[in-house]
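Coordinates from my_file-v3.txt are shown below (compact mmCIF, C-alpha atoms).
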# COMPACT_ATOMS: atom_id res chain seq x y z
CA MET A 1 -14.07 15.23 -26.70
CA ALA A 2 -14.39 11.51 -26.32
CA LEU A 3 -15.67 10.20 -23.05
CA THR A 4 -12.93 8.19 -21.37
CA VAL A 5 -13.84 5.55 -18.85
CA PRO A 6 -11.09 4.89 -16.29
CA THR A 7 -9.57 1.44 -16.53
CA ALA A 8 -10.57 -0.87 -13.69
CA LEU A 9 -7.31 -1.82 -11.97
CA ASP A 10 -7.12 -4.80 -9.62
CA VAL A 11 -3.63 -5.08 -8.17
CA ARG A 12 -2.83 -7.45 -5.35
CA LEU A 13 0.16 -8.72 -3.43
CA ALA A 14 -0.82 -12.25 -2.41
CA LEU A 15 0.78 -13.54 0.78
CA ASP A 16 -1.07 -16.86 0.41
CA PRO A 17 -1.67 -19.18 -2.57
CA PHE A 18 -4.28 -18.01 -5.07
CA ASP A 19 -6.38 -19.86 -7.64
CA PRO A 20 -5.50 -18.38 -11.06
CA HIS A 21 -8.43 -20.06 -12.80
CA ALA A 22 -11.00 -18.67 -10.38
CA GLU A 23 -9.36 -15.23 -10.59
CA LEU A 24 -9.41 -15.29 -14.38
CA ALA A 25 -13.04 -16.41 -14.44
CA ALA A 26 -14.01 -13.57 -12.12
CA PHE A 27 -12.00 -11.06 -14.17
CA GLY A 28 -13.70 -12.26 -17.36
CA ALA A 29 -17.12 -12.00 -15.77
CA SER A 30 -16.50 -8.42 -14.68
CA HIS A 31 -15.32 -7.41 -18.18
CA ASP A 32 -18.11 -8.93 -20.23
CA ALA A 33 -17.97 -6.18 -22.84
CA ALA A 34 -14.25 -6.47 -23.57
CA GLY A 35 -13.40 -7.69 -27.06
CA GLY A 36 -10.65 -9.86 -25.67
CA ILE A 37 -8.64 -10.83 -22.63
CA VAL A 38 -4.95 -11.71 -22.66
CA SER A 39 -3.55 -13.40 -19.59
CA PHE A 40 -0.21 -14.70 -18.46
CA LEU A 41 0.32 -17.11 -15.58
CA GLY A 42 3.83 -17.51 -14.21
CA LYS A 43 4.49 -20.68 -12.20
CA VAL A 44 7.33 -22.18 -10.25
CA ARG A 45 9.28 -24.23 -12.77
CA ALA A 46 9.59 -27.93 -12.02
CA GLY A 47 12.86 -29.80 -12.44
CA GLU A 48 16.51 -28.82 -12.10
CA GLY A 49 16.36 -30.12 -8.55
CA VAL A 50 14.42 -27.09 -7.29
CA GLU A 51 12.42 -28.00 -4.19
CA ALA A 52 10.98 -24.58 -3.34
CA LEU A 53 10.97 -20.98 -4.45
CA GLU A 54 10.62 -18.02 -2.13
CA LEU A 55 9.77 -14.47 -3.05
CA ARG A 56 10.34 -11.72 -0.53
CA HIS A 57 8.89 -8.24 -0.73
CA PHE A 58 9.36 -4.93 1.06
CA ALA A 59 5.93 -3.80 2.21
CA PRO A 60 6.40 -0.01 1.94
CA LEU A 61 7.42 -0.23 -1.73
CA THR A 62 6.22 -3.45 -3.33
CA LEU A 63 2.45 -3.01 -3.66
CA PRO A 64 2.67 0.77 -4.31
CA GLY A 65 5.17 0.00 -7.10
CA MET A 66 2.82 -2.59 -8.62
CA GLU A 67 -0.02 -0.05 -8.52
CA THR A 68 2.12 2.54 -10.31
CA LEU A 69 3.00 -0.08 -12.93
CA ALA A 70 -0.71 -0.83 -13.50
CA LYS A 71 -1.48 2.88 -13.90
CA ASP A 72 1.39 3.23 -16.39
CA ALA A 73 0.00 0.34 -18.45
CA ALA A 74 -3.51 1.81 -18.34
CA ALA A 75 -2.14 5.14 -19.55
CA ARG A 76 -0.29 3.58 -22.51
CA TRP A 77 -3.02 1.32 -23.89
CA VAL A 78 -6.79 1.44 -24.12
CA LEU A 79 -7.90 -1.14 -21.57
CA ASP A 80 -11.19 -2.05 -19.95
CA GLY A 81 -9.45 -3.70 -17.04
CA LEU A 82 -6.10 -4.88 -15.77
CA LEU A 83 -5.50 -7.57 -13.15
CA ILE A 84 -2.13 -8.13 -11.48
CA ILE A 85 -1.65 -10.68 -8.69
CA HIS A 86 1.87 -11.43 -7.48
CA ARG A 87 2.77 -13.88 -4.73
CA SER A 88 5.18 -13.34 -1.91
CA GLY A 89 6.23 -16.24 0.31
CA VAL A 90 7.38 -19.82 -0.14
CA MET A 91 6.07 -21.80 -3.11
CA ALA A 92 6.45 -25.34 -4.45
CA PRO A 93 7.09 -26.35 -8.08
CA GLY A 94 3.91 -25.85 -10.09
CA ASP A 95 2.53 -23.16 -7.78
CA PRO A 96 1.32 -19.91 -9.36
CA ILE A 97 3.64 -16.93 -8.81
CA VAL A 98 2.09 -14.20 -10.90
CA LEU A 99 -1.10 -13.66 -12.88
CA VAL A 100 -1.55 -10.74 -15.25
CA ALA A 101 -4.71 -10.26 -17.30
CA ALA A 102 -5.63 -7.36 -19.56
CA ALA A 103 -9.11 -6.82 -20.96
CA ALA A 104 -9.50 -4.53 -23.96
CA ARG A 105 -11.70 -3.79 -26.95
CA HIS A 106 -8.82 -4.65 -29.27
CA ARG A 107 -6.40 -7.52 -28.91
CA ARG A 108 -3.15 -5.62 -29.51
CA ASP A 109 -3.78 -3.37 -26.52
CA ALA A 110 -4.42 -6.43 -24.34
CA PHE A 111 -1.33 -8.32 -25.57
CA ALA A 112 0.94 -5.30 -25.19
CA ALA A 113 -0.32 -4.32 -21.73
CA ALA A 114 0.12 -7.86 -20.37
CA ASP A 115 3.60 -8.13 -21.89
CA PHE A 116 4.60 -4.71 -20.52
CA ALA A 117 3.30 -5.56 -17.05
CA MET A 118 5.22 -8.86 -16.97
CA ASP A 119 8.51 -7.33 -18.13
CA HIS A 120 8.28 -4.72 -15.38
CA LEU A 121 7.13 -7.13 -12.70
CA LYS A 122 10.15 -9.30 -13.44
CA GLY A 123 12.65 -6.53 -13.93
CA ASP A 124 11.85 -3.65 -11.63
CA SER A 125 9.29 -4.54 -9.03
CA TRP A 126 10.38 -4.87 -5.42
CA PHE A 127 10.78 -8.63 -5.13
CA TRP A 128 13.74 -10.79 -4.26
CA LYS A 129 13.78 -14.43 -5.22
CA ARG A 130 15.63 -17.43 -3.87
CA GLU A 131 15.33 -21.12 -4.51
CA ARG A 132 16.04 -24.23 -2.51
CA ALA A 133 17.86 -27.10 -4.19
CA ASN A 134 19.40 -30.05 -2.36
CA GLY A 135 18.30 -28.46 0.90
CA ALA A 136 20.25 -25.23 0.35
CA TRP A 137 18.74 -21.80 -0.37
CA ARG A 138 20.34 -19.63 -3.06
CA TRP A 139 19.38 -16.05 -4.03
CA ILE A 140 18.61 -15.53 -7.71
CA GLU A 141 20.36 -12.58 -9.28
CA PRO A 142 18.62 -10.48 -11.94
CA ARG A 143 19.34 -11.61 -15.48
CA ALA A 144 20.73 -9.32 -18.16
CA GLU A 145 17.80 -10.37 -20.39
CA ASP A 146 15.39 -8.77 -17.91
CA HIS A 147 16.97 -5.40 -18.60
CA VAL A 148 16.81 -5.97 -22.36
CA ASP A 149 13.14 -7.02 -22.07
CA ARG A 150 12.32 -3.82 -20.20
CA ALA A 151 14.23 -1.59 -22.60
CA ARG A 152 11.79 -2.57 -25.37
CA TRP A 153 9.24 -0.26 -23.76
CA ALA A 154 11.41 2.84 -23.35
CA MET B 1 17.57 2.35 18.74
CA ALA B 2 17.57 2.40 14.95
CA LYS B 3 16.75 -0.63 12.83
CA LEU B 4 18.57 -1.93 9.76
CA LEU B 5 16.80 -4.19 7.24
CA PHE B 6 18.68 -6.39 4.81
CA LEU B 7 16.74 -7.58 1.77
CA GLY B 8 17.58 -10.36 -0.65
CA ARG B 9 21.11 -11.70 -0.62
CA LEU B 10 22.18 -9.04 1.89
CA GLU B 11 20.24 -11.06 4.45
CA ASP B 12 22.81 -13.83 4.09
CA ALA B 13 25.70 -11.39 4.41
CA ALA B 14 24.12 -9.97 7.57
CA GLY B 15 23.14 -13.32 9.04
CA GLY B 16 19.55 -12.11 9.46
CA ALA B 17 16.90 -9.92 7.87
CA GLU B 18 17.14 -7.16 10.46
CA ARG B 19 19.24 -5.89 13.29
CA ASP B 20 18.93 -3.21 15.91
CA LEU B 21 21.56 -0.54 16.08
CA PRO B 22 22.01 1.58 19.19
CA LEU B 23 22.69 5.19 18.20
CA ALA B 24 23.84 7.78 20.70
CA ALA B 25 23.24 10.59 18.21
CA PRO B 26 22.16 11.07 14.57
CA THR B 27 24.74 9.18 12.54
CA ALA B 28 25.87 9.60 8.94
CA LEU B 29 25.55 6.59 6.63
CA ALA B 30 29.33 6.11 6.39
CA ASP B 31 29.53 5.87 10.18
CA VAL B 32 26.58 3.47 10.28
CA LEU B 33 28.37 1.23 7.77
CA ALA B 34 31.56 1.44 9.84
CA MET B 35 29.64 -0.15 12.74
CA LEU B 36 29.02 -3.29 10.64
CA GLU B 37 31.34 -6.19 9.87
CA PRO B 38 33.65 -5.23 6.97
CA GLY B 39 32.19 -7.81 4.56
CA LEU B 40 28.64 -6.73 5.25
CA ALA B 41 29.54 -3.04 5.10
CA GLN B 42 31.14 -3.54 1.70
CA ALA B 43 28.12 -5.46 0.36
CA ALA B 44 25.65 -2.91 1.79
CA ALA B 45 27.58 0.02 0.29
CA GLY B 46 27.59 -1.47 -3.23
CA ALA B 47 26.75 0.80 -6.16
CA ARG B 48 23.63 -1.23 -7.01
CA ILE B 49 22.20 -1.17 -3.49
CA ARG B 50 19.22 1.19 -3.10
CA LEU B 51 18.25 2.64 0.28
CA ALA B 52 14.87 3.20 1.88
CA LEU B 53 14.62 5.32 5.01
CA ASN B 54 11.41 4.65 6.94
CA GLY B 55 9.89 3.05 3.83
CA ALA B 56 10.78 5.75 1.29
CA LEU B 57 13.62 5.55 -1.25
CA VAL B 58 16.40 8.00 -0.47
CA PRO B 59 19.78 8.82 -1.99
CA ALA B 60 22.84 7.68 -0.05
CA ASP B 61 24.37 11.15 -0.23
CA GLY B 62 23.71 13.09 2.93
CA LEU B 63 21.81 10.31 4.62
CA VAL B 64 21.74 10.56 8.40
CA LEU B 65 20.21 7.87 10.59
CA ALA B 66 18.48 8.97 13.79
CA ASP B 67 17.07 7.09 16.75
CA ALA B 68 13.94 5.04 15.84
CA ASP B 69 14.69 5.29 12.11
CA GLU B 70 14.48 2.21 9.93
CA LEU B 71 16.99 1.92 7.09
CA ALA B 72 16.52 -0.79 4.46
CA PHE B 73 19.28 -1.96 2.12
CA LEU B 74 17.72 -3.11 -1.17
CA PRO B 75 19.84 -5.13 -3.61
CA PRO B 76 18.88 -5.54 -7.29
CA VAL B 77 15.41 -7.07 -7.59
CA SER B 78 14.49 -10.39 -9.17
CA GLY B 79 10.73 -10.87 -9.30
CA GLY B 80 8.22 -12.89 -11.26

As structure tokens, how would this structure be written, given the file I've shared?
Amino acid sequence: MALTVPTALDVRLALDPFDPHAELAAFGASHDAAGGIVSFLGKVRAGEGVEALELRHFAPLTLPGMETLAKDAAARWVLDGLLIIHRSGVMAPGDPIVLVAAAARHRRDAFAAADFAMDHLKGDSWFWKRERANGAWRWIEPRAEDHVDRARWA
Amino acid sequence: MAKLLFLGRLEDAAGGAERDLPLAAPTALADVLAMLEPGLAQAAAGARIRLALNGALVPADGLVLADADELAFLPPVSGG
């Protein structure tokens, strides 16, 4: 029987701004032996008159749900490590919202795990999003594409 | 006193993220909803609204709210 090393999971709900470059550097340093690292950084889009974006979470469910998602990804692909950081709170255009990084021996595992994690963070994690434009806040409804994105993994 | 939490767009319908609800006795969900304004009750009872009782997801069927309970109304999520 092959020896399986548990994937190192680092899952965080960030209530304050985080530095994605420092996080990625630290993740890379702690997974020196990985053949590759795939990362995705989601940021608040600039333009379209958006002045601010706010993400709300529900403490009893949000982080536990993110942890379950990370475990699911680690069970589906062979990973050395998986990092998920998701903001909650008010952000300005250009601010980081979410950082996902997957370290693996082989690139396809890393690409797939990062893609899977993002689709599920967007589509079925416990966050609610609203944006402020022209001084007025408006809640953002889930998009039909999010459901289609998620269905790819069924 | 029980507490109701309104997440996402339900916060706008409720005019606030939470409200206290005095309960004389354990109260069924339908009766809790009947204590709210009609517009809010209708939004909170929507088919896509999930419920969490004291932080754990629960089905709407058979739900009874007791004193000191916290009931959260969770509309469809939109993260990332």

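Any residue of chain A with an atom within 6 Å of chain B counts; using only C-alpha atoms, that gives Pro60, Lys122, Trp126, Phe127, Trp128, Lys129, Trp139 and Pro142 of chain A.
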
Which residues are close to Val38 of chain A, i.e. within 10 Å by all atoms listed in the file, leaving aside same-chain residues fewer than 5 positions away? Reply as a PyMOL selection string.
chain A and resi 82+100-104+107-115

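When only C-alpha atoms are used to compute distances to Leu40 of chain B, the closest of the residues B:Leu65, B:Ala14, B:Met1, B:Leu71 turns out to be B:Ala14.
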
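Among A:Ile140, A:Val90, A:Val44, A:Ala70, the residue with the shortest atom-to-atom distance to Asp16 of chain A, counting only C-alpha atoms, is A:Val90.
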
Review point. Can you tell me, as a PyMOL selection string, what residues are no more than 10 Å from Phe18 of chain A when counting only C-alpha atoms, ignoring any on the same chain fewer than 2 positions away?
Key: chain A and resi 14-16+20-23+85-87+95-99

For the residues selected in the previous step, produce a file with C-alpha atoms as a tab-separated table (two decimals), in the frame of the given file.
chain	number	residue	atom	x	y	z
A	14	ALA	CA	-0.82	-12.25	-2.41
A	15	LEU	CA	0.78	-13.54	0.78
A	16	ASP	CA	-1.07	-16.86	0.41
A	20	PRO	CA	-5.50	-18.38	-11.06
A	21	HIS	CA	-8.43	-20.06	-12.80
A	22	ALA	CA	-11.00	-18.67	-10.38
A	23	GLU	CA	-9.36	-15.23	-10.59
A	85	ILE	CA	-1.65	-10.68	-8.69
A	86	HIS	CA	1.87	-11.43	-7.48
A	87	ARG	CA	2.77	-13.88	-4.73
A	95	ASP	CA	2.53	-23.16	-7.78
A	96	PRO	CA	1.32	-19.91	-9.36
A	97	ILE	CA	3.64	-16.93	-8.81
A	98	VAL	CA	2.09	-14.20	-10.90
A	99	LEU	CA	-1.10	-13.66	-12.88
